[in-house]
$ cat run-v9.cif   # mmCIF, C-alpha atoms
data_model
loop_
_atom_site.label_atom_id
_atom_site.label_comp_id
_atom_site.auth_asym_id
_atom_site.auth_seq_id
_atom_site.Cartn_x
_atom_site.Cartn_y
_atom_site.Cartn_z
CA ASP T 103 -64.70 -18.37 -30.06
CA VAL T 104 -64.49 -16.80 -26.61
CA LEU T 105 -66.78 -19.23 -24.74
CA PRO T 106 -64.58 -22.36 -25.02
CA ASN T 107 -61.70 -20.31 -23.56
CA ALA T 108 -63.75 -18.60 -20.86
CA PRO T 109 -62.29 -20.58 -17.92
CA ALA T 110 -58.72 -19.68 -18.91
CA LEU T 111 -59.62 -16.00 -19.41
CA LEU T 112 -61.74 -15.65 -16.28
CA THR T 113 -58.88 -14.69 -13.97
CA HIS T 114 -57.72 -12.01 -16.44
CA VAL T 115 -61.11 -10.29 -16.83
CA PRO T 116 -60.18 -7.15 -14.78
CA GLY T 117 -57.07 -6.53 -16.86
CA LEU T 118 -58.84 -7.23 -20.16
CA PHE T 119 -61.76 -4.99 -19.18
CA GLY T 120 -59.37 -2.16 -18.32
CA ARG T 121 -57.86 -2.39 -21.82
CA ALA T 122 -61.15 -3.02 -23.64
CA THR T 123 -61.02 0.21 -25.66
CA GLN T 124 -57.48 -0.48 -26.89
CA LEU T 125 -58.15 -4.17 -27.57
CA ASP T 126 -61.29 -3.42 -29.59
CA ALA T 127 -59.24 -2.44 -32.67
CA TYR T 128 -57.53 -5.86 -32.75
CA LEU T 129 -60.40 -8.03 -31.47
CA GLU T 130 -61.35 -9.59 -34.80
CA ASP T 131 -57.79 -10.78 -35.50
CA ILE T 132 -57.27 -11.91 -31.89
CA LEU T 133 -60.41 -14.08 -31.92
CA VAL T 134 -59.22 -15.90 -35.06
CA LEU T 135 -55.98 -16.89 -33.28
CA LEU T 136 -57.41 -17.46 -29.80
CA ASP T 137 -58.03 -21.22 -29.93
CA GLY T 138 -54.62 -22.11 -31.34
CA TYR T 139 -52.37 -19.90 -29.22
CA LEU T 140 -54.18 -19.17 -25.94
CA PRO T 141 -52.32 -21.92 -23.99
CA LEU T 142 -49.03 -20.25 -24.94
CA VAL T 143 -50.24 -16.68 -24.32
CA GLU T 144 -52.34 -17.12 -21.16
CA PRO T 145 -49.42 -17.53 -18.68
CA HIS T 146 -48.10 -14.13 -19.82
CA LEU T 147 -51.45 -12.34 -20.21
CA GLU T 148 -51.16 -10.42 -16.94
CA THR T 149 -47.74 -9.02 -17.94
CA ILE T 150 -49.00 -8.21 -21.43
CA MET T 151 -51.93 -6.22 -20.03
CA ALA T 152 -49.65 -4.39 -17.58
CA ARG T 153 -47.22 -3.45 -20.40
CA PHE T 154 -49.85 -2.99 -23.11
CA ASP T 155 -49.03 0.68 -23.71
CA ASP T 156 -45.47 -0.32 -24.64
CA ILE T 157 -46.53 -3.36 -26.65
CA GLU T 158 -49.54 -1.93 -28.53
CA PRO T 159 -47.59 -0.38 -31.47
CA HIS T 160 -46.27 -3.86 -32.26
CA ILE T 161 -49.56 -5.78 -31.96
CA PRO T 162 -50.18 -5.88 -35.77
CA PHE T 163 -46.72 -7.40 -36.34
CA CYS T 164 -47.27 -9.92 -33.51
CA LEU T 165 -50.65 -10.98 -34.90
CA GLU T 166 -49.26 -11.32 -38.43
CA HIS T 167 -46.41 -13.52 -37.15
CA ALA T 168 -48.29 -15.25 -34.33
CA ASP T 169 -46.84 -18.63 -35.33
CA VAL T 170 -43.35 -17.29 -34.48
CA ILE T 171 -44.22 -14.90 -31.63
CA ALA T 172 -46.43 -17.17 -29.49
CA PRO T 173 -43.91 -20.03 -28.97
CA HIS T 174 -41.22 -17.52 -27.96
CA LEU T 175 -43.42 -15.23 -25.88
CA ASP T 176 -41.66 -16.13 -22.62
CA LEU T 177 -38.33 -14.91 -24.03
CA LEU T 178 -39.91 -11.80 -25.56
CA ILE T 179 -41.36 -10.87 -22.17
CA GLU T 180 -38.02 -11.60 -20.46
CA TYR T 181 -36.08 -9.32 -22.83
CA LEU T 182 -38.87 -6.77 -23.41
CA ASP T 183 -37.00 -3.93 -21.71
CA ASP T 184 -33.98 -4.59 -23.96
CA ILE T 185 -36.10 -4.86 -27.14
CA LEU T 186 -38.26 -1.73 -26.71
CA PRO T 187 -35.35 0.78 -26.97
CA TYR T 188 -34.64 -0.62 -30.46
CA ALA T 189 -38.25 0.05 -31.43
CA ARG T 190 -37.79 3.73 -30.55
CA HIS T 191 -35.51 3.99 -33.59
CA VAL T 192 -38.46 3.72 -35.98
CA ASP T 193 -36.42 3.97 -39.19
CA VAL T 194 -34.12 1.09 -38.19
CA TRP T 195 -36.99 -0.96 -36.75
CA GLU T 196 -38.87 -0.81 -40.06
CA GLU T 197 -35.75 -1.92 -41.93
CA MET T 198 -35.35 -4.83 -39.50
CA GLU T 199 -38.93 -6.11 -39.96
CA PRO T 200 -38.06 -8.67 -42.70
CA VAL T 201 -35.50 -10.36 -40.42
CA LEU T 202 -37.36 -9.94 -37.10
CA PRO T 203 -39.14 -13.33 -37.29
CA LEU T 204 -35.75 -15.02 -37.70
CA LEU T 205 -34.26 -13.03 -34.81
CA VAL T 206 -37.22 -13.91 -32.56
CA THR T 207 -36.54 -17.61 -33.08
CA ARG T 208 -32.91 -17.01 -32.00
CA LEU T 209 -33.81 -14.87 -28.99
CA ARG T 210 -32.52 -17.35 -26.42
CA ALA T 211 -28.98 -16.91 -27.77
CA LEU T 212 -29.43 -13.32 -28.99
CA GLY T 213 -31.04 -11.91 -25.83
CA PRO T 214 -27.81 -11.32 -23.83
CA HIS T 215 -26.41 -9.35 -26.80
CA LEU T 216 -29.27 -6.82 -27.04
CA HIS T 217 -28.07 -4.50 -24.29
CA VAL T 218 -24.46 -4.32 -25.51
CA LEU T 219 -25.41 -3.98 -29.20
CA ARG T 220 -27.75 -0.99 -28.78
CA PRO T 221 -25.01 1.69 -28.62
CA HIS T 222 -23.69 0.36 -31.95
CA LEU T 223 -27.10 0.16 -33.67
CA TYR T 224 -26.50 2.84 -36.30
CA LYS T 225 -23.04 1.47 -37.09
CA ILE T 226 -24.33 -2.05 -37.79
CA ARG T 227 -27.52 -0.79 -39.47
CA PRO T 228 -26.25 -0.99 -43.09
CA PHE T 229 -25.18 -4.60 -42.52
CA LEU T 230 -28.18 -5.98 -40.59
CA PRO T 231 -29.60 -8.12 -43.45
CA VAL T 232 -26.17 -9.69 -44.00
CA LEU T 233 -25.33 -10.20 -40.31
CA ALA T 234 -28.76 -11.77 -39.66
CA GLN T 235 -27.77 -14.63 -41.97
CA HIS T 236 -24.90 -15.50 -39.62
CA VAL T 237 -26.64 -14.96 -36.28
CA ASP T 238 -26.05 -18.58 -35.19
CA ARG T 239 -22.30 -18.19 -35.73
CA LEU T 240 -22.05 -14.76 -34.09
CA THR T 241 -24.16 -15.17 -30.93
CA PRO T 242 -21.79 -17.56 -29.12
CA HIS T 243 -19.27 -14.70 -28.97
CA LEU T 244 -20.37 -11.77 -26.80
CA GLU T 245 -17.06 -10.00 -27.52
CA ILE T 246 -18.20 -9.43 -31.12
CA SER T 247 -21.30 -7.54 -29.98
CA GLN T 248 -19.42 -5.61 -27.30
CA ASN T 249 -16.92 -4.40 -29.89
CA ALA T 250 -19.21 -4.23 -32.94
CA ASP T 251 -18.31 -0.57 -33.50
CA VAL T 252 -14.58 -1.19 -33.87
CA LEU T 253 -15.11 -4.29 -36.02
CA ILE T 254 -17.37 -2.31 -38.38
CA TYR T 255 -14.87 0.55 -38.42
CA TRP T 256 -12.03 -1.67 -39.61
CA PHE T 257 -13.86 -4.38 -41.58
CA GLY T 258 -17.17 -2.80 -42.64
CA TRP T 259 -15.77 -2.32 -46.14
CA LEU T 260 -15.39 -6.09 -46.43
CA LEU T 261 -19.12 -6.61 -45.82
CA ARG T 262 -19.87 -4.28 -48.75
CA ILE T 263 -18.16 -6.64 -51.19
CA PRO T 264 -20.86 -8.95 -52.65
CA GLY T 265 -20.55 -12.45 -51.20
CA ALA T 266 -17.63 -11.64 -48.91
CA HIS T 267 -19.79 -12.14 -45.81
CA HIS T 268 -19.81 -15.88 -46.56
CA LEU T 269 -16.26 -15.95 -45.17
CA MET T 270 -17.95 -16.10 -41.76
CA LYS T 271 -19.08 -19.62 -42.62
CA LEU T 272 -15.49 -20.83 -42.60
CA PRO T 273 -14.39 -22.70 -39.47
CA ARG T 274 -13.07 -20.56 -36.61
CA VAL T 275 -13.59 -17.23 -38.43
CA THR T 276 -16.08 -15.91 -35.87
CA LYS T 277 -13.87 -17.22 -33.07
CA ALA T 278 -10.97 -15.25 -34.57
CA MET T 279 -13.22 -12.17 -34.78
CA ALA T 280 -14.06 -12.53 -31.08
CA TRP T 281 -10.37 -12.72 -30.21
CA LEU T 282 -9.43 -9.79 -32.45
CA ALA T 283 -12.32 -7.44 -31.56
CA PRO T 284 -11.07 -6.26 -28.12
CA ARG T 285 -7.51 -5.96 -29.44
CA LEU T 286 -8.15 -3.74 -32.48
CA PRO T 287 -6.94 -0.13 -32.13
CA ARG T 288 -9.71 2.31 -31.16
CA GLY T 289 -7.83 5.59 -31.55
CA TYR T 290 -9.43 6.75 -34.80
CA LEU T 291 -12.85 5.46 -33.77
CA LYS T 292 -12.74 7.28 -30.40
CA ALA T 293 -11.71 10.53 -32.05
CA GLN T 294 -14.55 10.18 -34.58
CA THR T 295 -17.05 9.39 -31.80
CA LEU T 296 -15.95 12.41 -29.78
CA ARG T 297 -16.27 14.76 -32.77
CA ARG T 298 -19.75 13.46 -33.59
CA ALA T 299 -20.91 13.68 -29.96
CA ARG T 300 -19.72 17.28 -29.70
CA GLY T 301 -21.37 18.19 -33.00
CA LEU T 302 -24.63 16.53 -31.98
CA ARG T 303 -24.70 18.28 -28.61
CA ARG T 304 -24.00 21.63 -30.30
CA HIS T 305 -26.85 21.00 -32.75
CA LEU T 306 -29.26 20.07 -29.94
CA HIS T 307 -28.25 23.16 -27.97
CA LEU T 308 -29.07 25.38 -30.96
CA THR T 309 -32.31 23.49 -31.60
CA ARG T 310 -33.46 23.95 -28.00
CA ARG T 311 -32.74 27.69 -28.19
CA ARG T 312 -34.65 28.11 -31.48
CA GLY T 313 -37.55 25.86 -30.51
CA PRO T 314 -38.52 22.28 -31.35
CA ALA T 315 -37.42 21.78 -34.95
CA LEU T 316 -37.69 17.97 -34.85
CA PRO T 317 -40.70 15.69 -34.32
CA GLY T 318 -41.00 14.45 -30.75
CA ALA T 319 -40.05 10.82 -31.44
CA VAL T 320 -37.01 11.79 -33.52
CA ALA T 321 -35.86 14.40 -31.03
CA GLY T 322 -36.14 11.80 -28.26
CA VAL T 323 -33.78 9.44 -30.08
CA TRP T 324 -31.34 12.27 -30.82
CA GLU T 325 -31.33 13.37 -27.21
CA GLU T 326 -30.82 9.78 -26.04
CA SER T 327 -27.74 9.54 -28.28
CA ALA T 328 -26.39 12.95 -27.31
CA ASP T 329 -26.89 12.45 -23.59
CA MET T 330 -25.26 9.02 -23.57
CA PRO T 331 -22.26 9.39 -21.23
CA LEU T 332 -18.85 9.13 -22.81
CA THR T 333 -16.66 6.58 -21.10
CA GLY T 334 -13.05 5.51 -20.92
CA ASP T 335 -10.43 7.39 -22.94
CA VAL T 336 -13.05 9.46 -24.76
CA ALA T 337 -14.48 10.91 -21.55
CA ALA T 338 -10.99 11.67 -20.27
CA GLY T 339 -9.98 13.26 -23.55
CA GLY T 340 -7.13 10.79 -23.96
CA ILE T 341 -7.44 9.95 -27.66
CA GLN T 342 -4.85 7.53 -28.95
CA ALA T 343 -3.20 9.35 -31.87
CA ARG T 344 -2.01 6.29 -33.76
CA PRO T 345 -2.64 2.55 -33.55
CA ARG T 346 0.22 0.17 -32.93
CA ARG T 347 2.73 -0.17 -35.73
CA SER T 348 1.57 -3.75 -36.36
CA PHE T 349 -1.83 -2.38 -37.41
CA HIS T 350 -0.50 0.11 -39.98
CA PRO T 351 -1.19 -2.27 -42.91
CA LEU T 352 -4.79 -2.54 -41.67
CA VAL T 353 -5.08 1.27 -41.68
CA ALA T 354 -3.73 1.43 -45.24
CA LEU T 355 -6.08 -1.34 -46.43
CA ARG T 356 -9.13 0.28 -44.83
CA THR T 357 -8.29 3.70 -46.36
CA PHE T 358 -7.69 2.15 -49.80
CA MET T 359 -10.99 0.20 -49.81
CA LYS T 360 -12.97 3.19 -48.48
CA ASP T 361 -11.60 5.44 -51.25
CA LYS T 362 -12.36 2.75 -53.83
CA ILE T 363 -15.98 2.36 -52.65
CA ILE T 364 -16.52 6.15 -52.56
CA GLY T 365 -15.00 6.44 -56.05
CA LYS T 366 -17.47 3.87 -57.43
CA ARG T 367 -20.41 5.73 -55.89
CA ARG T 368 -19.34 9.04 -57.47
CA ARG T 369 -19.20 7.40 -60.90
#
$ encode --input "run-v9.cif" --output "C-alpha cells"
Amino acid sequence: DVLPNAPALLTHVPGLFGRATQLDAYLEDILVLLDGYLPLVEPHLETIMARFDDIEPHIPFCLEHADVIAPHLDLLIEYLDDILPYARHVDVWEEMEPVLPLLVTRLRALGPHLHVLRPHLYKIRPFLPVLAQHVDRLTPHLEISQNADVLIYWFGWLLRIPGAHHLMKLPRVTKAMAWLAPRLPRGYLKAQTLRRARGLRRHLHLTRRRGPALPGAVAGVWEESADMPLTGDVAAGGIQARPRRSFHPLVALRTFMKDKIIGKRRR
C-alpha cells in the first residue's frame, strides 16, 4: 500500500521517521486508509507531524471517522489551537464524541465560536446534545456564544422540558436570542460566578498546602478555571444587586421552574 504513494510521501520522510515509534501503533489502520485519503492529508502532513504530540490522543477517533475528518482537515488544522483546550476537559470531550462528527462538518461556521464558548463549557454541557441539533441556526449569531452563560442561566430550564428546544426552529427565534443575550441582566450570574471562583481558589489553596489530592489532568483543568482572570463588574466587585424592573417576571418564572424541576427530582 505504501509503494504507490511513495512519491507523495518522499518529502515527508524525515518527519515520518522521527515519529516512527509513535506511528507504529496506528500503522495497520493508516495503511488501510492511505490510498483513499492521502491526497487530502498530504498537504497538511508536515503540520500533523509537528503537532503529533497534541494530536496523538485523538488519532483513534480520527481514523474511525476518516470519512468526516479528512475532507475537513484544513479547518481542523486552522482551529486546532481552539479545539485542543476542549479536549483537556476529558469528561466533557467523551460526552461530546457522539456529536463530534456533526460538529466537524460545521467547523467552517462553528470555528469562530470556539474561543468565546470555552469559558461557558460547563454551563452548556448538560445541553450539548440538544444544542448540536440546532448548530446551523445558532452559528450565524456570535452574540449567542458570547453570552451563552447568561442565556443558560435564564432559559436553561426551558431546554430541560422535552421537545421545547424545537422552538428554535421557528423563524427569527435565534435572531431574537442574539438580540436579547447581551441585554439580559447579569447581576445574579456575576454574583454566583464570583462565589464559585472564590470557593474554587480556596479549595485549590488548601489542596496545594496538603499535597496533590487530584490527578494531574484534573488538577490542570481546575487550575485553569481558577486562574482565569475575572473581568468587568466581577473583577471590580461591582455586583448588580437586582436586574431591571422589566425583568422581574423573568426572575419569578426562572425561580418557579427551577423549584419545579428540583421537586420532581426529589420525588
$ resolve_selection --input "run-v9.cif" --expression "the PyMOL selection byres ((chain T and resi 278) around 12)" --output "list in words"
Arg239, Leu240, His243, Glu245, Ile246, Leu253, Leu269, Met270, Leu272, Pro273, Arg274, Val275, Thr276, Lys277, Met279, Ala280, Trp281, Leu282, Ala283, Pro284 and Arg285 of chain T
$ atom_distance --input "run-v9.cif" --atom1 "atom CA of T:Pro116" --atom2 "atom CA of T:Pro162"
23.3 Å
$ closest_residue --input "run-v9.cif" --among "T:Leu202, T:Ala250, T:Ile179, T:Ala172" --to "T:Glu148" --atoms "all atoms listed in the file"
T:Ile179
$ residues_around --input "run-v9.cif" --residues "T:Pro214" --least-positions-apart "5" --cutoff "10 Å" --atoms "all atoms listed in the file" --output "PyMOL selection string"
chain T and resi 181+184+209+219+241+244+247
$ resolve_selection --input "run-v9.cif" --expression "the PyMOL selection byres ((chain T and resi 221-231) around 8)" --output "PyMOL selection string"
chain T and resi 194+198+201+218-220+232-235+250-251+254+261
$ axis_aligned_box --input "run-v9.cif" --around "stretch 215-220 of chain T" --padding-each-side "4 Å" --output "JSON"
{"center_x": -26.9, "center_y": -5.2, "center_z": -26.7, "size_x": 12.8, "size_y": 16.4, "size_z": 12.9}
$ closest_residue --input "run-v9.cif" --among "T:Asp176, T:His236, T:Arg153, T:Leu212" --to "T:His267" --atoms "only C-alpha atoms"
T:His236
$ resolve_selection --input "run-v9.cif" --expression "the PyMOL selection byres ((chain T and resi 117) around 12)" --output "list of chain:residue names"
T:Leu111, T:Leu112, T:Thr113, T:His114, T:Val115, T:Pro116, T:Leu118, T:Phe119, T:Gly120, T:Arg121, T:Ala122, T:Thr123, T:Gln124, T:Leu125, T:Leu147, T:Glu148, T:Thr149, T:Ile150, T:Met151, T:Ala152, T:Arg153, T:Phe154
$ atom_distance --input "run-v9.cif" --atom1 "atom CA of T:Pro159" --atom2 "atom CA of T:Pro203"
16.5 Å
$ atom_distance --input "run-v9.cif" --atom1 "atom CA of T:Tyr188" --atom2 "atom CA of T:Tyr139"
26.2 Å
$ closest_residue --input "run-v9.cif" --among "T:Arg300, T:Lys271, T:Arg262, T:His160" --to "T:Trp195" --atoms "all atoms listed in the file"
T:His160
$ closest_residue --input "run-v9.cif" --among "T:Val192, T:Ala127, T:Ile161, T:Leu175" --to "T:Pro141" --atoms "only C-alpha atoms"
T:Leu175
$ closest_residue --input "run-v9.cif" --among "T:Pro187, T:Asp137, T:His215, T:Phe163" --to "T:Pro200" --atoms "all atoms listed in the file"
T:Phe163
$ residues_near_point --input "run-v9.cif" --point "(-14.4, 0.8, -36.0)" --cutoff "9 Å" --atoms "all atoms listed in the file" --output "PyMOL selection string"
chain T and resi 225+249-258+286-288+290-292
$ closest_residue --input "run-v9.cif" --among "T:Ala211, T:Leu216, T:Leu260, T:Leu142" --to "T:Ile185" --atoms "only C-alpha atoms"
T:Leu216
